[in-house]
file data-v4.cif (mmCIF, C-alpha atoms)
data_query
#
loop_
_atom_site.label_atom_id
_atom_site.label_comp_id
_atom_site.auth_asym_id
_atom_site.auth_seq_id
_atom_site.Cartn_x
_atom_site.Cartn_y
_atom_site.Cartn_z
CA MET T 7 3.17 -20.86 32.90
CA THR T 8 2.68 -24.61 33.42
CA LEU T 9 2.46 -27.10 30.55
CA GLN T 10 -1.17 -27.78 31.39
CA LYS T 11 -2.10 -24.10 31.42
CA THR T 12 -0.38 -23.64 28.06
CA LEU T 13 -2.35 -26.53 26.56
CA GLU T 14 -5.57 -25.08 27.99
CA ASN T 15 -4.76 -21.75 26.33
CA LEU T 16 -4.42 -23.66 23.06
CA GLY T 17 -7.99 -24.95 23.43
CA ILE T 18 -7.29 -28.33 25.05
CA HIS T 19 -9.51 -28.08 28.11
CA GLU T 20 -8.37 -29.02 31.60
CA LYS T 21 -9.18 -32.77 31.75
CA LYS T 22 -8.09 -33.47 28.19
CA ALA T 23 -4.81 -31.67 28.86
CA GLU T 24 -4.27 -33.86 31.96
CA VAL T 25 -4.85 -37.05 29.96
CA TYR T 26 -2.56 -35.95 27.12
CA LEU T 27 0.25 -34.97 29.52
CA ALA T 28 -0.16 -38.28 31.38
CA CYS T 29 0.21 -40.18 28.10
CA LEU T 30 3.33 -38.18 27.26
CA GLU T 31 4.82 -39.21 30.61
CA LEU T 32 3.67 -42.84 30.55
CA GLY T 33 4.17 -43.54 26.87
CA SER T 34 1.84 -46.34 25.80
CA ALA T 35 -0.61 -46.94 28.65
CA THR T 36 -3.99 -48.44 29.43
CA ALA T 37 -7.00 -46.38 30.48
CA TYR T 38 -6.58 -47.88 33.96
CA LEU T 39 -3.02 -46.54 34.31
CA ILE T 40 -3.97 -43.14 32.91
CA ALA T 41 -6.99 -42.92 35.21
CA LYS T 42 -4.82 -43.82 38.20
CA LYS T 43 -2.26 -41.14 37.31
CA VAL T 44 -4.71 -38.28 36.74
CA GLY T 45 -7.29 -39.29 39.37
CA LEU T 46 -10.21 -39.75 36.99
CA LYS T 47 -12.64 -42.61 36.46
CA ARG T 48 -11.90 -45.00 33.59
CA PRO T 49 -15.09 -44.18 31.62
CA THR T 50 -14.11 -40.50 31.77
CA VAL T 51 -10.60 -41.32 30.55
CA TYR T 52 -12.01 -43.36 27.65
CA ASP T 53 -14.24 -40.46 26.65
CA LEU T 54 -11.38 -37.93 26.81
CA ALA T 55 -9.01 -40.30 25.01
CA ASN T 56 -11.52 -40.68 22.17
CA GLN T 57 -11.73 -36.89 21.86
CA LEU T 58 -7.95 -36.62 21.77
CA MET T 59 -7.79 -39.33 19.10
CA ARG T 60 -10.26 -37.39 16.93
CA GLU T 61 -7.94 -34.40 17.29
CA GLY T 62 -4.95 -36.52 16.29
CA LEU T 63 -3.20 -36.19 19.67
CA LEU T 64 -3.55 -39.83 20.78
CA HIS T 65 -3.28 -43.17 19.00
CA LYS T 66 -4.91 -46.46 20.03
CA SER T 67 -3.45 -49.95 19.72
CA MET T 68 -4.51 -53.41 20.89
CA ARG T 69 -2.41 -55.94 22.75
CA GLY T 70 -4.54 -59.01 22.99
CA ASN T 71 -7.85 -57.74 24.32
CA VAL T 72 -6.36 -54.70 26.06
CA LYS T 73 -6.47 -51.15 24.62
CA TYR T 74 -3.40 -48.98 24.89
CA PHE T 75 -3.23 -45.26 24.25
CA SER T 76 -0.06 -43.60 22.93
CA PRO T 77 0.61 -39.86 22.55
CA ALA T 78 1.17 -38.25 19.18
CA ASP T 79 4.33 -36.20 18.70
CA PRO T 80 3.78 -32.76 20.32
CA GLU T 81 4.74 -31.23 16.95
CA LYS T 82 1.17 -32.14 16.01
CA LEU T 83 0.07 -29.16 18.13
CA VAL T 84 2.09 -26.80 15.94
CA ARG T 85 0.73 -28.38 12.74
CA SER T 86 -2.82 -28.08 14.06
CA LEU T 87 -2.34 -24.39 14.80
CA ARG T 88 -0.95 -23.83 11.30
CA GLU T 89 -3.93 -25.65 9.79
CA LYS T 90 -6.34 -23.51 11.82
CA GLU T 91 -4.50 -20.35 10.78
CA HIS T 92 -4.67 -21.44 7.13
CA GLN T 93 -8.42 -22.00 7.44
CA ILE T 94 -8.91 -18.57 9.03
CA ARG T 95 -6.75 -16.91 6.35
CA ARG T 96 -8.91 -18.49 3.62
CA VAL T 97 -12.12 -16.94 4.96
CA MET T 98 -10.51 -13.69 6.15
CA PRO T 99 -11.58 -11.66 3.05
CA GLU T 100 -15.22 -12.61 3.69
CA LEU T 101 -14.91 -11.83 7.40
CA GLN T 102 -13.31 -8.46 6.62
CA ASN T 103 -16.08 -7.66 4.12
CA LEU T 104 -18.66 -8.30 6.82
CA TYR T 105 -16.63 -6.30 9.35
CA ASN T 106 -16.20 -3.35 6.98
CA SER T 107 -19.73 -3.41 5.53
CA PRO T 108 -21.82 -0.26 6.11
CA LYS T 109 -23.72 -0.34 9.38
CA ALA T 110 -27.19 1.13 9.88
CA LYS T 111 -26.06 2.88 13.07
CA PRO T 112 -22.63 4.33 13.82
CA LEU T 113 -20.39 1.84 15.54
CA ILE T 114 -18.10 3.29 18.21
CA ARG T 115 -15.16 1.38 19.65
CA TYR T 116 -12.94 2.56 22.52
CA PHE T 117 -9.27 1.75 23.12
CA GLU T 118 -7.40 2.42 26.39
CA GLY T 119 -3.72 3.05 27.07
CA LYS T 120 -0.74 2.79 24.73
CA ALA T 121 -1.54 -0.79 23.76
CA GLY T 122 -5.12 0.19 22.96
CA ILE T 123 -4.07 3.15 20.81
CA MET T 124 -1.63 0.96 18.88
CA GLU T 125 -4.43 -1.54 18.24
CA MET T 126 -6.59 1.35 17.03
CA TYR T 127 -3.92 2.35 14.48
CA GLU T 128 -3.66 -1.27 13.30
CA ASP T 129 -7.27 -1.04 12.11
CA SER T 130 -6.24 1.36 9.33
CA LEU T 131 -3.69 -1.16 8.03
CA ARG T 132 -6.30 -3.91 8.11
CA SER T 133 -9.01 -1.81 6.49
CA CYS T 134 -6.99 -0.14 3.72
CA LYS T 135 -5.34 -1.68 0.68
CA LYS T 136 -2.82 -0.50 -1.89
CA GLY T 137 -3.78 2.87 -3.34
CA ASP T 138 -6.17 3.76 -0.51
CA GLU T 139 -5.72 7.06 1.29
CA ILE T 140 -5.72 8.04 4.95
CA LEU T 141 -6.56 11.66 5.72
CA ALA T 142 -4.99 12.89 8.94
CA TYR T 143 -4.76 15.82 11.31
CA VAL T 144 -1.55 15.25 13.26
CA GLY T 145 -0.12 16.85 16.38
CA GLU T 146 3.26 15.94 17.84
CA ASP T 147 2.01 13.80 20.73
CA ILE T 148 2.31 10.53 18.82
CA LEU T 149 6.01 11.23 18.23
CA ARG T 150 6.54 11.72 21.97
CA HIS T 151 4.50 8.78 23.22
CA LEU T 152 4.90 6.13 20.49
CA PRO T 153 8.14 6.87 18.61
CA GLU T 154 9.17 3.25 17.89
CA TYR T 155 5.66 2.13 17.01
CA THR T 156 5.31 5.13 14.68
CA LYS T 157 8.39 4.04 12.72
CA ASP T 158 7.11 0.47 12.44
CA TYR T 159 3.60 1.59 11.49
CA VAL T 160 4.87 3.93 8.76
CA ALA T 161 7.11 1.19 7.32
CA ARG T 162 4.18 -1.24 7.11
CA ARG T 163 1.86 1.40 5.67
CA VAL T 164 4.40 2.13 2.93
CA GLU T 165 4.87 -1.59 2.30
CA LYS T 166 1.12 -1.93 1.75
CA GLY T 167 1.08 1.07 -0.60
CA ILE T 168 -1.31 3.14 1.53
CA VAL T 169 -0.96 6.91 1.03
CA LEU T 170 -1.30 9.33 3.92
CA ARG T 171 -2.38 12.92 3.24
CA GLY T 172 -1.91 14.91 6.41
CA ILE T 173 -2.18 18.38 7.91
CA TYR T 174 0.55 18.96 10.48
CA LYS T 175 1.46 21.55 13.08
CA ASN T 176 4.25 23.86 12.00
CA ASN T 177 7.05 23.44 14.53
CA GLN T 178 10.64 22.18 14.67
CA GLU T 179 9.84 18.74 16.03
CA MET T 180 7.31 18.06 13.30
CA ALA T 181 9.48 19.56 10.54
CA LYS T 182 12.24 17.07 11.36
CA TYR T 183 9.77 14.19 11.17
CA LEU T 184 8.32 15.39 7.86
CA ASP T 185 11.74 15.53 6.16
CA LYS T 186 11.24 11.88 5.17
CA SER T 187 7.77 12.34 3.66
CA ALA T 188 8.82 11.82 0.04
CA GLY T 189 9.90 8.24 0.71
CA GLN T 190 7.03 7.43 3.04
CA LEU T 191 3.99 7.92 0.78
CA ARG T 192 3.08 11.00 2.78
CA ILE T 193 1.67 14.20 1.26
CA THR T 194 1.81 17.03 3.75
CA ARG T 195 0.57 20.53 4.47
CA ILE T 196 1.07 22.64 7.56
CA LEU T 197 -0.83 25.07 9.72
CA ASP T 198 0.63 27.54 12.20
CA GLU T 199 0.51 26.38 15.83
CA LYS T 200 -1.65 29.38 16.73
CA ASN T 201 -4.29 28.36 14.19
CA PHE T 202 -3.88 24.63 14.72
CA PRO T 203 -3.58 23.97 18.49
CA VAL T 204 -3.80 20.20 18.10
CA ASN T 205 -1.66 17.65 19.91
CA ASN T 206 -3.64 14.49 19.29
CA GLU T 207 -4.34 12.80 15.96
CA THR T 208 -7.39 12.12 13.82
CA ASN T 209 -7.30 9.68 10.90
CA ILE T 210 -10.10 9.38 8.36
CA TYR T 211 -10.19 6.34 6.09
CA LYS T 212 -12.83 4.23 4.40
CA ASN T 213 -15.98 4.76 6.50
CA LYS T 214 -14.09 5.35 9.75
CA ILE T 215 -12.73 8.16 11.89
CA ALA T 216 -10.00 7.17 14.37
CA ILE T 217 -9.09 9.64 17.13
CA ALA T 218 -6.15 9.26 19.52
CA SER T 219 -5.88 11.38 22.66
CA TYR T 220 -2.61 11.56 24.60
CA GLY T 221 -3.76 13.53 27.65
CA LYS T 222 -3.63 12.33 31.26
CA GLU T 223 -5.68 9.30 30.27
CA MET T 224 -4.49 7.95 26.94
CA PHE T 225 -7.32 6.56 24.88
CA GLY T 226 -8.52 6.17 21.33
CA MET T 227 -11.81 5.67 19.57
CA ILE T 228 -13.02 4.64 16.14
CA VAL T 229 -16.35 5.89 14.84
CA GLU T 230 -17.58 3.76 11.98
CA SER T 231 -20.22 5.52 9.87
CA GLU T 232 -20.42 6.18 6.14
CA GLU T 233 -22.29 9.45 6.68
CA ILE T 234 -19.99 10.83 9.40
CA ALA T 235 -16.85 9.80 7.49
CA ARG T 236 -18.15 11.54 4.38
CA SER T 237 -18.72 14.76 6.34
CA GLN T 238 -15.29 14.57 7.98
CA LYS T 239 -13.63 14.05 4.60
CA ALA T 240 -15.36 17.19 3.28
CA ILE T 241 -14.19 19.21 6.31
CA PHE T 242 -10.66 17.88 5.83
CA GLU T 243 -10.64 19.03 2.19
CA LEU T 244 -11.57 22.56 3.30
CA ALA T 245 -8.75 22.54 5.85
CA TRP T 246 -6.40 21.14 3.20
CA LYS T 247 -7.11 24.04 0.88
CA GLY T 248 -6.42 26.50 3.67
CA ALA T 249 -3.19 24.89 4.84
CA GLY T 250 0.23 25.79 3.50
CA ARG T 251 2.42 23.56 1.40
CA ILE T 252 5.75 22.39 2.76
CA SER T 253 8.50 23.67 0.50
#
call {"tool": "encode", "arguments": {"input": "data-v4.cif", "output": "structure tokens"}}
result
Amino acid sequence: MTLQKTLENLGIHEKKAEVYLACLELGSATAYLIAKKVGLKRPTVYDLANQLMREGLLHKSMRGNVKYFSPADPEKLVRSLREKEHQIRRVMPELQNLYNSPKAKPLIRYFEGKAGIMEMYEDSLRSCKKGDEILAYVGEDILRHLPEYTKDYVARRVEKGIVLRGIYKNNQEMAKYLDKSAGQLRITRILDEKNFPVNNETNIYKNKIAIASYGKEMFGMIVESEEIARSQKAIFELAWKGAGRIS
């Protein structure tokens, strides 16, 4: 990726990026020299230079009656990103409250492929806080398709203090995985494979139901609805009572 394209990805649009890079190459330069280097008209360069100065990326000085523009240290870009991140972090609780607020109609979001399913699982870590509970029906497909991500996800869930109460298929592969439940904030029950022919996974938390399918076309979906989540939680509790404890 070119320097200019990288700057554009950081929000410094094409012409501004050209002017800033020209100043980095020229050092202290007049608008005439910058315009000549980037192939723009001087009034355009003045306008872009003023925008870059407001963003702290250029400085202006006078030598007699002539204006010179000098580039700020590129480290300024890193500081600006940190400042923006800090601002976003400050309002994040309010944004999350709006995002997680009850909606009049069910909201359905779809996720495609492995990357999409991983992003779907991340929603539970964003939505839940310490002491919250995720209810889950779990098949073994996630262990086969996302083994490394599963380890990382579980570690971060435990770090956040989020409990998972799950109903699992009773087979050797799953039994080996569930051996570590005590240290992973996981409360488990099992159902016989014949009575629980499930390979995918369903997670219920807050007002959401997340479903991951690992068939020929891997995809996930989150249904966000207070009413539907309440019903699914009630169904889960019935299944929980009927499932066997792991000794």
call {"tool": "resolve_selection", "arguments": {"input": "data-v4.cif", "expression": "the PyMOL selection byres ((chain T and resi 230) around 7)", "output": "PDB file with C-alpha atoms, keeping the file's coordinate frame"}}
result
ATOM      1  CA  PRO T 112     -22.630   4.330  13.820  1.00  0.00           C
ATOM      2  CA  LEU T 113     -20.390   1.840  15.540  1.00  0.00           C
ATOM      3  CA  ILE T 114     -18.100   3.290  18.210  1.00  0.00           C
ATOM      4  CA  ASN T 213     -15.980   4.760   6.500  1.00  0.00           C
ATOM      5  CA  LYS T 214     -14.090   5.350   9.750  1.00  0.00           C
ATOM      6  CA  ILE T 215     -12.730   8.160  11.890  1.00  0.00           C
ATOM      7  CA  ILE T 228     -13.020   4.640  16.140  1.00  0.00           C
ATOM      8  CA  VAL T 229     -16.350   5.890  14.840  1.00  0.00           C
ATOM      9  CA  SER T 231     -20.220   5.520   9.870  1.00  0.00           C
ATOM     10  CA  GLU T 232     -20.420   6.180   6.140  1.00  0.00           C
TER      11      GLU T 232
END
call {"tool": "atom_distance", "arguments": {"input": "data-v4.cif", "atom1": "CA of Arg150 (chain T)", "atom2": "CA of Asn176 (chain T)"}}
result
15.9 Å
call {"tool": "closest_residue", "arguments": {"input": "data-v4.cif", "among": "T:Glu179, T:Glu125, T:Glu31, T:Asp53", "to": "Met227 (chain T)", "atoms": "all atoms listed in the file"}}
result
T:Glu125
call {"tool": "closest_residue", "arguments": {"input": "data-v4.cif", "among": "T:Glu100, T:Val144, T:Tyr183, T:Ser133", "to": "Arg163 (chain T)", "atoms": "only C-alpha atoms"}}
result
T:Ser133
call {"tool": "residues_near_point", "arguments": {"input": "data-v4.cif", "point": "(2.2, 9.4, 18.9)", "cutoff": "10 Å", "atoms": "all atoms listed in the file", "output": "PyMOL selection string"}}
result
chain T and resi 120+123-124+144-156+205-207+218-220
call {"tool": "residues_around", "arguments": {"input": "data-v4.cif", "residues": "region 56-72 of chain T", "least_positions_apart": "5", "cutoff": "9 Å", "atoms": "only C-alpha atoms", "output": "list in words"}}
result
Ile18, Lys22, Val25, Tyr26, Cys29, Ser34, Thr36, Val51, Pro77, Ala78, Asp79, Pro80, Lys82, Leu83 and Ser86 of chain T
call {"tool": "residues_around", "arguments": {"input": "data-v4.cif", "residues": "region 187-191 of chain T", "least_positions_apart": "2", "cutoff": "7 Å", "atoms": "only C-alpha atoms", "output": "PDB file with C-alpha atoms, in the frame of the given file"}}
result
ATOM      1  CA  VAL T 164       4.400   2.130   2.930  1.00  0.00           C
ATOM      2  CA  VAL T 169      -0.960   6.910   1.030  1.00  0.00           C
ATOM      3  CA  LEU T 170      -1.300   9.330   3.920  1.00  0.00           C
ATOM      4  CA  LEU T 184       8.320  15.390   7.860  1.00  0.00           C
ATOM      5  CA  ASP T 185      11.740  15.530   6.160  1.00  0.00           C
ATOM      6  CA  ILE T 193       1.670  14.200   1.260  1.00  0.00           C
TER       7      ILE T 193
END
call {"tool": "closest_residue", "arguments": {"input": "data-v4.cif", "among": "T:Tyr174, T:Leu54, T:Glu91, T:Ile40", "to": "His19 (chain T)", "atoms": "all atoms listed in the file"}}
result
T:Leu54
call {"tool": "atom_distance", "arguments": {"input": "data-v4.cif", "atom1": "CA of Ala35 (chain T)", "atom2": "CA of Tyr74 (chain T)"}}
result
5.1 Å
call {"tool": "resolve_selection", "arguments": {"input": "data-v4.cif", "expression": "the PyMOL selection byres ((chain T and resi 138) around 8)", "output": "list in words"}}
result
Cys134, Lys135, Lys136, Gly137, Glu139, Ile140, Gly167, Ile168 and Val169 of chain T
call {"tool": "write_last_selection", "arguments": {"input": "data-v4.cif", "atoms": "C-alpha atoms", "output": "PDB file, in the frame of the given file"}}
result
ATOM      1  CA  CYS T 134      -6.990  -0.140   3.720  1.00  0.00           C
ATOM      2  CA  LYS T 135      -5.340  -1.680   0.680  1.00  0.00           C
ATOM      3  CA  LYS T 136      -2.820  -0.500  -1.890  1.00  0.00           C
ATOM      4  CA  GLY T 137      -3.780   2.870  -3.340  1.00  0.00           C
ATOM      5  CA  GLU T 139      -5.720   7.060   1.290  1.00  0.00           C
ATOM      6  CA  ILE T 140      -5.720   8.040   4.950  1.00  0.00           C
ATOM      7  CA  GLY T 167       1.080   1.070  -0.600  1.00  0.00           C
ATOM      8  CA  ILE T 168      -1.310   3.140   1.530  1.00  0.00           C
ATOM      9  CA  VAL T 169      -0.960   6.910   1.030  1.00  0.00           C
TER      10      VAL T 169
END
call {"tool": "atom_distance", "arguments": {"input": "data-v4.cif", "atom1": "CA of Ala142 (chain T)", "atom2": "CA of Lys212 (chain T)"}}
result
12.5 Å
call {"tool": "closest_residue", "arguments": {"input": "data-v4.cif", "among": "T:Glu199, T:Lys239, T:Pro49, T:Glu165", "to": "Asn177 (chain T)", "atoms": "all atoms listed in the file"}}
result
T:Glu199
call {"tool": "resolve_selection", "arguments": {"input": "data-v4.cif", "expression": "the PyMOL selection byres ((chain T and resi 197) around 10)", "output": "list of chain:residue names"}}
result
T:Ile173, T:Tyr174, T:Lys175, T:Asn176, T:Asn177, T:Arg195, T:Ile196, T:Asp198, T:Glu199, T:Lys200, T:Asn201, T:Phe202, T:Pro203, T:Ala245, T:Trp246, T:Gly248, T:Ala249, T:Gly250, T:Arg251, T:Ile252
